[in-house]
Structure formats: structure tokens, C-alpha cells
>>> print(open('data_21.tsv').read())   # TSV, C-alpha atoms
chain	number	residue	atom	x	y	z
A	3	MET	CA	-16.06	16.89	2.57
A	4	LEU	CA	-15.61	16.29	6.31
A	5	GLU	CA	-17.37	18.19	9.07
A	6	ILE	CA	-16.55	17.55	12.72
A	7	ILE	CA	-18.93	19.48	14.95
A	8	ASN	CA	-18.49	19.73	18.75
A	9	VAL	CA	-17.38	16.11	19.09
A	10	THR	CA	-16.58	14.74	22.55
A	11	LYS	CA	-15.26	11.24	23.25
A	12	ARG	CA	-14.20	10.09	26.72
A	13	TYR	CA	-12.75	6.77	27.81
A	14	PRO	CA	-14.35	5.23	30.92
A	15	GLY	CA	-12.21	5.66	34.03
A	16	SER	CA	-9.81	8.04	32.29
A	17	ASP	CA	-9.47	11.72	31.49
A	18	LYS	CA	-8.17	10.83	28.02
A	19	GLY	CA	-10.18	11.54	24.92
A	20	ILE	CA	-11.31	14.56	22.91
A	21	LYS	CA	-13.37	17.51	24.10
A	22	ASN	CA	-15.76	19.56	21.97
A	23	ILE	CA	-13.66	19.30	18.77
A	24	SER	CA	-14.85	21.19	15.68
A	25	LEU	CA	-13.00	21.35	12.38
A	26	SER	CA	-13.72	20.96	8.68
A	27	VAL	CA	-11.81	19.45	5.79
A	28	ARG	CA	-12.90	20.83	2.45
A	29	SER	CA	-12.63	19.26	-0.99
A	30	GLY	CA	-9.08	19.84	-2.20
A	31	ASP	CA	-7.64	20.19	1.31
A	32	ILE	CA	-4.57	18.39	2.59
A	33	HIS	CA	-5.20	18.96	6.30
A	34	ALA	CA	-2.46	18.18	8.82
A	35	PHE	CA	-3.52	17.17	12.32
A	36	ILE	CA	-0.68	17.57	14.79
A	37	GLY	CA	-0.15	17.28	18.53
A	38	PRO	CA	1.92	15.54	21.22
A	39	ASN	CA	1.62	11.82	21.94
A	40	GLY	CA	-1.67	11.12	23.70
A	41	ALA	CA	-3.21	14.40	22.53
A	42	GLY	CA	-6.26	12.72	20.97
A	43	LYS	CA	-5.31	12.53	17.30
A	44	THR	CA	-5.93	8.82	16.86
A	45	THR	CA	-9.11	9.01	18.95
A	46	LEU	CA	-10.57	11.60	16.58
A	47	ILE	CA	-9.44	9.66	13.52
A	48	LYS	CA	-11.15	6.51	14.80
A	49	ALA	CA	-14.34	8.47	15.48
A	50	VAL	CA	-14.31	9.87	11.94
A	51	CYS	CA	-13.88	6.36	10.53
A	52	GLY	CA	-16.73	4.94	12.60
A	53	ILE	CA	-14.46	2.79	14.78
A	54	HIS	CA	-15.16	4.77	17.98
A	55	THR	CA	-18.53	6.00	19.14
A	56	PHE	CA	-18.67	9.46	20.70
A	57	GLU	CA	-20.78	10.99	23.44
A	58	SER	CA	-21.83	14.19	21.75
A	59	GLY	CA	-21.46	16.14	18.54
A	60	GLU	CA	-21.71	15.19	14.90
A	61	ILE	CA	-19.41	13.93	12.16
A	62	ARG	CA	-20.44	14.16	8.51
A	63	VAL	CA	-18.63	12.76	5.48
A	64	GLY	CA	-19.87	14.24	2.22
A	65	GLY	CA	-22.86	15.58	4.12
A	66	VAL	CA	-23.77	12.12	5.51
A	67	SER	CA	-23.84	11.49	9.27
A	68	ILE	CA	-21.47	8.79	10.50
A	69	ARG	CA	-23.98	8.09	13.29
A	70	GLU	CA	-27.01	7.71	11.04
A	71	ASN	CA	-25.45	6.05	8.00
A	72	PRO	CA	-21.99	4.64	8.80
A	73	ILE	CA	-21.90	2.31	5.78
A	74	ALA	CA	-22.48	5.15	3.32
A	75	CYS	CA	-19.73	7.18	5.01
A	76	LYS	CA	-17.27	4.30	4.96
A	77	LYS	CA	-17.83	3.79	1.25
A	78	MET	CA	-16.61	7.35	0.68
A	79	LEU	CA	-13.49	7.17	2.85
A	80	ALA	CA	-10.39	5.11	3.47
A	81	CYS	CA	-8.22	4.95	6.55
A	82	ILE	CA	-4.53	4.11	6.74
A	83	PRO	CA	-3.66	3.30	10.39
A	84	ASP	CA	-0.31	3.91	12.04
A	85	ASN	CA	0.23	0.15	12.42
A	86	PRO	CA	-0.43	-2.09	9.37
A	87	ASP	CA	-2.03	-4.97	11.31
A	88	ILE	CA	-3.35	-7.12	8.45
A	89	TYR	CA	-4.07	-10.77	7.63
A	90	GLU	CA	-0.64	-12.37	7.45
A	91	TYR	CA	-1.94	-15.75	6.24
A	92	LEU	CA	-3.03	-14.17	2.95
A	93	THR	CA	-0.79	-13.25	0.05
A	94	GLY	CA	-0.56	-9.61	-0.93
A	95	ILE	CA	-2.78	-10.08	-3.97
A	96	GLN	CA	-5.36	-12.05	-1.97
A	97	PHE	CA	-5.58	-9.21	0.55
A	98	LEU	CA	-6.00	-6.60	-2.17
A	99	ASN	CA	-8.70	-8.64	-3.87
A	100	PHE	CA	-10.46	-9.08	-0.53
A	101	ILE	CA	-10.53	-5.31	0.03
A	102	ALA	CA	-11.65	-4.74	-3.56
A	103	ASP	CA	-14.50	-7.22	-2.98
A	104	VAL	CA	-15.57	-5.36	0.17
A	105	PHE	CA	-15.80	-2.11	-1.78
A	106	GLU	CA	-17.32	-3.79	-4.85
A	107	VAL	CA	-14.55	-2.74	-7.23
A	108	GLU	CA	-15.08	-4.48	-10.57
A	109	ALA	CA	-12.51	-7.06	-11.67
A	110	ASP	CA	-11.09	-5.18	-14.66
A	111	VAL	CA	-10.92	-1.91	-12.70
A	112	ARG	CA	-9.20	-3.46	-9.68
A	113	LYS	CA	-6.65	-5.22	-11.90
A	114	GLN	CA	-5.69	-1.93	-13.51
A	115	ARG	CA	-5.47	-0.08	-10.19
A	116	ILE	CA	-3.54	-2.82	-8.40
A	117	SER	CA	-1.04	-2.89	-11.26
A	118	ARG	CA	-0.63	0.88	-11.20
A	119	TYR	CA	-0.18	1.27	-7.45
A	120	ALA	CA	1.94	-1.85	-6.94
A	121	GLU	CA	4.31	-0.68	-9.63
A	122	ALA	CA	4.46	2.82	-8.16
A	123	PHE	CA	5.32	1.45	-4.69
A	124	GLU	CA	7.62	-1.22	-6.15
A	125	ILE	CA	6.02	-4.30	-4.58
A	126	THR	CA	4.61	-6.01	-7.69
A	127	SER	CA	7.00	-8.95	-7.35
A	128	ALA	CA	5.95	-9.51	-3.72
A	129	LEU	CA	2.18	-9.70	-4.26
A	130	GLY	CA	2.27	-13.49	-4.62
A	131	SER	CA	4.07	-13.93	-1.29
A	132	LEU	CA	2.47	-14.33	2.14
A	133	ILE	CA	2.09	-11.07	4.03
A	134	SER	CA	3.86	-12.75	6.97
A	135	THR	CA	7.07	-12.49	4.93
A	136	TYR	CA	6.69	-8.73	4.39
A	137	SER	CA	8.73	-6.10	6.19
A	138	HIS	CA	6.91	-3.35	8.09
A	139	GLY	CA	7.43	-0.97	5.17
A	140	MET	CA	6.05	-3.47	2.65
A	141	LYS	CA	2.96	-4.01	4.81
A	142	GLN	CA	2.49	-0.25	4.98
A	143	LYS	CA	2.69	-0.01	1.19
A	144	LEU	CA	0.13	-2.82	0.83
A	145	VAL	CA	-2.31	-1.04	3.16
A	146	ILE	CA	-1.87	2.18	1.21
A	147	ILE	CA	-2.61	0.40	-2.07
A	148	ALA	CA	-5.67	-1.26	-0.53
A	149	SER	CA	-6.98	2.10	0.65
A	150	LEU	CA	-6.76	3.58	-2.85
A	151	LEU	CA	-8.54	0.80	-4.75
A	152	HIS	CA	-12.06	2.24	-4.42
A	153	GLU	CA	-10.89	5.82	-5.08
A	154	PRO	CA	-12.02	7.31	-1.76
A	155	LYS	CA	-13.23	10.89	-1.63
A	156	LEU	CA	-11.79	11.27	1.87
A	157	LEU	CA	-8.46	9.71	2.85
A	158	ILE	CA	-7.61	9.52	6.55
A	159	LEU	CA	-4.01	8.73	7.49
A	160	ASP	CA	-2.49	8.21	10.94
A	161	GLU	CA	1.29	8.78	10.80
A	162	PRO	CA	1.40	7.61	7.16
A	163	PHE	CA	5.12	8.13	6.57
A	164	VAL	CA	6.35	5.97	9.47
A	165	GLY	CA	8.10	2.91	8.07
A	166	LEU	CA	8.17	4.15	4.49
A	167	ASP	CA	11.45	4.65	2.65
A	168	PRO	CA	12.05	8.12	1.15
A	169	LYS	CA	10.98	7.10	-2.36
A	170	ALA	CA	7.73	5.55	-1.12
A	171	SER	CA	7.03	8.70	0.94
A	172	VAL	CA	7.38	10.85	-2.18
A	173	THR	CA	5.10	8.44	-4.08
A	174	LEU	CA	2.45	8.64	-1.34
A	175	LYS	CA	2.58	12.44	-1.30
A	176	GLY	CA	2.00	12.40	-5.06
A	177	PHE	CA	-1.11	10.25	-4.72
A	178	MET	CA	-2.37	12.45	-1.88
A	179	ARG	CA	-2.12	15.49	-4.13
A	180	GLU	CA	-3.79	13.58	-6.96
A	181	ILE	CA	-6.80	12.77	-4.76
A	182	CYS	CA	-7.17	16.43	-3.82
A	183	ASP	CA	-6.74	17.61	-7.42
A	184	GLN	CA	-9.69	15.36	-8.31
A	185	GLY	CA	-11.90	16.94	-5.64
A	186	GLY	CA	-11.12	14.63	-2.73
A	187	ALA	CA	-9.70	15.58	0.66
A	188	ILE	CA	-7.01	14.40	3.08
A	189	LEU	CA	-6.83	14.46	6.88
A	190	TYR	CA	-3.62	13.08	8.32
A	191	SER	CA	-1.72	13.09	11.58
A	192	THR	CA	2.04	13.43	11.70
A	193	HIS	CA	4.91	14.31	14.03
A	194	VAL	CA	7.07	15.40	11.09
A	195	LEU	CA	6.27	19.10	11.15
A	196	GLU	CA	8.56	20.01	8.25
A	197	VAL	CA	6.60	17.65	5.99
A	198	ALA	CA	3.26	18.96	7.27
A	199	GLU	CA	4.28	22.56	6.57
A	200	LYS	CA	5.33	21.83	2.99
A	201	LEU	CA	2.57	19.38	2.08
A	202	SER	CA	-0.55	20.84	3.72
A	203	ASN	CA	-2.72	23.85	3.03
A	204	ARG	CA	-4.60	23.50	6.35
A	205	VAL	CA	-3.49	22.56	9.86
A	206	SER	CA	-5.05	21.83	13.25
A	207	ILE	CA	-3.14	21.60	16.54
A	208	ILE	CA	-4.49	19.51	19.44
A	209	LYS	CA	-3.28	19.00	23.01
A	210	ASP	CA	-4.91	17.10	25.89
A	211	GLY	CA	-7.97	16.44	23.76
A	212	VAL	CA	-8.58	20.14	23.08
A	213	LEU	CA	-8.24	21.80	19.68
A	214	LEU	CA	-5.89	24.74	20.22
A	215	LYS	CA	-5.61	26.17	16.72
A	216	THR	CA	-6.96	25.47	13.23
A	217	GLY	CA	-6.79	27.32	9.93
A	218	ASP	CA	-4.95	27.87	6.68
A	219	MET	CA	-1.27	26.99	6.83
A	220	ASP	CA	-0.25	30.29	5.20
A	221	GLU	CA	-2.13	32.27	7.85
A	222	ILE	CA	-0.86	30.27	10.81
A	223	VAL	CA	2.74	30.09	9.62
A	224	GLY	CA	4.12	33.47	8.60
A	225	GLU	CA	6.63	36.23	9.21
A	226	GLY	CA	9.61	33.90	9.04
A	227	ARG	CA	8.27	31.43	11.61
A	228	THR	CA	7.95	27.69	11.03
A	229	LEU	CA	5.16	25.31	11.95
A	230	GLU	CA	7.50	23.92	14.59
A	231	ASP	CA	7.75	27.40	16.15
A	232	ILE	CA	3.97	27.79	16.17
A	233	PHE	CA	3.44	24.32	17.60
A	234	MET	CA	5.90	24.87	20.45
A	235	GLU	CA	4.34	28.24	21.31
A	236	VAL	CA	0.75	26.99	21.26
A	237	ALA	CA	1.52	23.77	23.10
A	238	ALA	CA	3.52	25.59	25.78
A	239	ASP	CA	0.77	28.18	26.37
A	240	ALA	CA	-2.04	25.65	26.67
>>> encode(input="data_21.tsv", output="C-alpha cells")
Amino acid sequence: MLEIINVTKRYPGSDKGIKNISLSVRSGDIHAFIGPNGAGKTTLIKAVCGIHTFESGEIRVGGVSIRENPIACKKMLACIPDNPDIYEYLTGIQFLNFIADVFEVEADVRKQRISRYAEAFEITSALGSLISTYSHGMKQKLVIIASLLHEPKLLILDEPFVGLDPKASVTLKGFMREICDQGGAILYSTHVLEVAEKLSNRVSIIKDGVLLKTGDMDEIVGEGRTLEDIFMEVAADA
């Protein structure tokens, strides 16, 4: 579903960025992407979503190059950023309809999906209110709902559980599994290693822009060790 091949992205005047990163996210994968602050997680996520250009390498979504056909790639994916910075002068329902228009979701289909997801995240009664009145958690829920409206094949999430209450976190995990059960794939960053270990079947560890370890969760975590143990060992040795 997602192929990242030898991707390098550097920021001018800085040693920050990512260096020769290669990893794959297969259909059905929930792939955790972990690393310290400033390791390059968000940089890679933005490159995958077509927000950042990159100096070398290739990124393919569903076999399509993000360089050669970014619009086709973006139709197949959705990205949930770590900060829900959205149009506060719109109401919740206006924002959702705007996103549905962008992705050409038909009126009857969007109505059904908005109803389902808004009810699941318990914000139906707030959809008529201005987004400026929403709490951080409510904005995060709205962005999640917006990302699901066109049924993406690849869902990219940057610290998705930050700001969500425990019930909403469980609801999101359920929808993540549903996407994968239907042949989609998930790539997400998180600092909550306990959640990553339980939720994910694949994991990649990055530090200072370099991919240190990637593979099946069961193979990387074993013999009574936790993902936290592995992370601390790998990060310390790098």
C-alpha cells in the first residue's frame, strides 16, 4: 500500500531531516512509527502526504508515485496531523461538507458517514456550532471524522491520541482496525509505546533522521521484553 524507498529530505541550513529512509506498509498493516522528538517522524509523514518535497528516493501509494501523480495519491490517503489547525469560522458540519466536496463524496453517502462517525465520537450535537467554540479534543475528533469520509486506503496519523479522551481513543482504534480489515493500511507516529505495542503488527524506530529498526512487532518484541525496552536499547546504541 505504501512504499518508501531511500528517501532523503534535508532542511536548508540545518542538519535536521531524514536520511535514506526505506520502509513499507502493506495492506492490513497497522504500522507504528516511533522515535524521540525531532527524530524525523513528522518530516517523513509530510513527505508521504505530498506536503514536503524530498531530495532523493521514491514514495508510492498504491503503486502510484507521489512525485509523478500527487493528486491520485492524495485521493487514496488521509492524514490526521498532530495539531488540528482548521477553519474556525466554519461550523463543524460546514467543514465536513467542505472536505466531502474536495473528495467528491456524494451527498447521500456523506450524510450517512457523517452521522455514523459523529455519533461514534459523540459530537453530533456540536456540528452546528462554530469550530472556534470547540475544545482541542473536539477539533481532533472533527479532523478524524473528516479524514474518514472518503474511505481512504491509507490513513496517516501523527500522534493521533493526543487530546482525545479515553473513550474517543478506543473508538479511533476500532476504526483503524476496521480500515485494515477492509484491506487498507495505517502508518502512525506515537510516543505512547504501550499503545503501539498492543495495537500494531509492524513497527519502525527512527532517531536523528535515520531508520534504526523496522519489522514485525512480534519479531522485534519478544522474550519478555517490551517495546519500551527495545526502543531504549536501540536509541541508546545509535
>>> residues_around(input="data_21.tsv", residues="range 40-49 of chain A", least_positions_apart="6", cutoff="9 Å", atoms="all atoms listed in the file", output="PyMOL selection string")
chain A and resi 9+11+18-20+23+55-56+61+68+81+83-84+158-160+189-191+208-212
>>> closest_residue(input="data_21.tsv", among="A:Val104, A:Val223, A:Ala34, A:Leu25", to="Asn8 in chain A", atoms="all atoms listed in the file")
A:Leu25
>>> residues_around(input="data_21.tsv", residues="Ile133 in chain A", least_positions_apart="2", cutoff="6 Å", atoms="only C-alpha atoms", output="VMD selection string")
chain A and resid 90 93 to 94 135 to 136
>>> closest_residue(input="data_21.tsv", among="A:Thr192, A:Ser127, A:Thr173, A:Ser202", to="Phe35 in chain A", atoms="all atoms listed in the file")
A:Thr192
>>> atom_distance(input="data_21.tsv", atom1="CA of Lys175 in chain A", atom2="CA of Gln142 in chain A")
14.2 Å
>>> residues_around(input="data_21.tsv", residues="Val145 in chain A", least_positions_apart="4", cutoff="10 Å", atoms="only C-alpha atoms", output="NGL selection string")
:A and (81-83 or 85-88 or 94 or 97-98 or 101 or 139-141 or 149-150)
>>> write_last_selection(input="data_21.tsv", atoms="C-alpha atoms", output="mmCIF file, in the frame of the given file")
data_model
loop_
_atom_site.group_PDB
_atom_site.id
_atom_site.type_symbol
_atom_site.label_atom_id
_atom_site.label_comp_id
_atom_site.auth_asym_id
_atom_site.auth_seq_id
_atom_site.Cartn_x
_atom_site.Cartn_y
_atom_site.Cartn_z
ATOM 1 C CA CYS A 81 -8.220 4.950 6.550
ATOM 2 C CA ILE A 82 -4.530 4.110 6.740
ATOM 3 C CA PRO A 83 -3.660 3.300 10.390
ATOM 4 C CA ASN A 85 0.230 0.150 12.420
ATOM 5 C CA PRO A 86 -0.430 -2.090 9.370
ATOM 6 C CA ASP A 87 -2.030 -4.970 11.310
ATOM 7 C CA ILE A 88 -3.350 -7.120 8.450
ATOM 8 C CA GLY A 94 -0.560 -9.610 -0.930
ATOM 9 C CA PHE A 97 -5.580 -9.210 0.550
ATOM 10 C CA LEU A 98 -6.000 -6.600 -2.170
ATOM 11 C CA ILE A 101 -10.530 -5.310 0.030
ATOM 12 C CA GLY A 139 7.430 -0.970 5.170
ATOM 13 C CA MET A 140 6.050 -3.470 2.650
ATOM 14 C CA LYS A 141 2.960 -4.010 4.810
ATOM 15 C CA SER A 149 -6.980 2.100 0.650
ATOM 16 C CA LEU A 150 -6.760 3.580 -2.850
#
>>> closest_residue(input="data_21.tsv", among="A:Ser29, A:Ser171, A:Ser24, A:Thr216", to="Ser58 in chain A", atoms="all atoms listed in the file")
A:Ser24
>>> closest_residue(input="data_21.tsv", among="A:Glu235, A:Glu5, A:Glu153, A:Asp103", to="Met78 in chain A", atoms="all atoms listed in the file")
A:Glu153
>>> closest_residue(input="data_21.tsv", among="A:His54, A:His33, A:Lys76, A:Arg12", to="Met219 in chain A", atoms="all atoms listed in the file")
A:His33
>>> decode(input="data_21.tsv", residues="range 218-236 of chain A", atoms="N, CA and C atoms", output="compact mmCIF listing (two decimals), in the first residue's frame")
# COMPACT_ATOMS: atom_id res chain seq x y z
N ASP A 218 8.26 -6.79 11.91
CA ASP A 218 7.06 -7.24 12.60
C ASP A 218 7.20 -7.03 14.10
N MET A 219 6.13 -6.58 14.73
CA MET A 219 6.16 -6.32 16.17
C MET A 219 6.52 -7.58 16.94
N ASP A 220 5.94 -8.72 16.56
CA ASP A 220 6.20 -9.97 17.28
C ASP A 220 7.67 -10.37 17.23
N GLU A 221 8.33 -10.05 16.12
CA GLU A 221 9.75 -10.41 15.98
C GLU A 221 10.65 -9.45 16.73
N ILE A 222 10.28 -8.18 16.75
CA ILE A 222 11.10 -7.17 17.42
C ILE A 222 10.92 -7.22 18.93
N VAL A 223 9.69 -7.45 19.36
CA VAL A 223 9.40 -7.54 20.80
C VAL A 223 9.22 -9.01 21.14
N GLY A 224 10.06 -9.54 21.99
CA GLY A 224 9.95 -10.95 22.36
C GLY A 224 10.76 -11.25 23.60
N GLU A 225 10.64 -12.48 24.05
CA GLU A 225 11.41 -12.98 25.19
C GLU A 225 11.21 -12.11 26.43
N GLY A 226 9.96 -11.71 26.66
CA GLY A 226 9.63 -10.98 27.88
C GLY A 226 9.97 -9.50 27.86
N ARG A 227 10.51 -9.01 26.74
CA ARG A 227 10.85 -7.59 26.64
C ARG A 227 9.69 -6.80 26.07
N THR A 228 9.63 -5.51 26.38
CA THR A 228 8.59 -4.64 25.88
C THR A 228 9.14 -3.77 24.75
N LEU A 229 8.24 -3.11 24.06
CA LEU A 229 8.66 -2.18 23.01
C LEU A 229 9.47 -1.04 23.63
N GLU A 230 9.12 -0.65 24.83
CA GLU A 230 9.87 0.39 25.53
C GLU A 230 11.32 -0.05 25.75
N ASP A 231 11.51 -1.32 26.14
CA ASP A 231 12.86 -1.85 26.33
C ASP A 231 13.65 -1.79 25.02
N ILE A 232 13.02 -2.23 23.94
CA ILE A 232 13.69 -2.25 22.64
C ILE A 232 14.04 -0.84 22.21
N PHE A 233 13.09 0.07 22.37
CA PHE A 233 13.31 1.45 21.96
C PHE A 233 14.49 2.06 22.71
N MET A 234 14.54 1.86 24.01
CA MET A 234 15.62 2.44 24.82
C MET A 234 16.97 1.85 24.44
N GLU A 235 17.01 0.55 24.13
CA GLU A 235 18.26 -0.09 23.73
C GLU A 235 18.74 0.44 22.38
N VAL A 236 17.84 0.47 21.42
CA VAL A 236 18.20 0.90 20.06
C VAL A 236 18.60 2.37 20.04
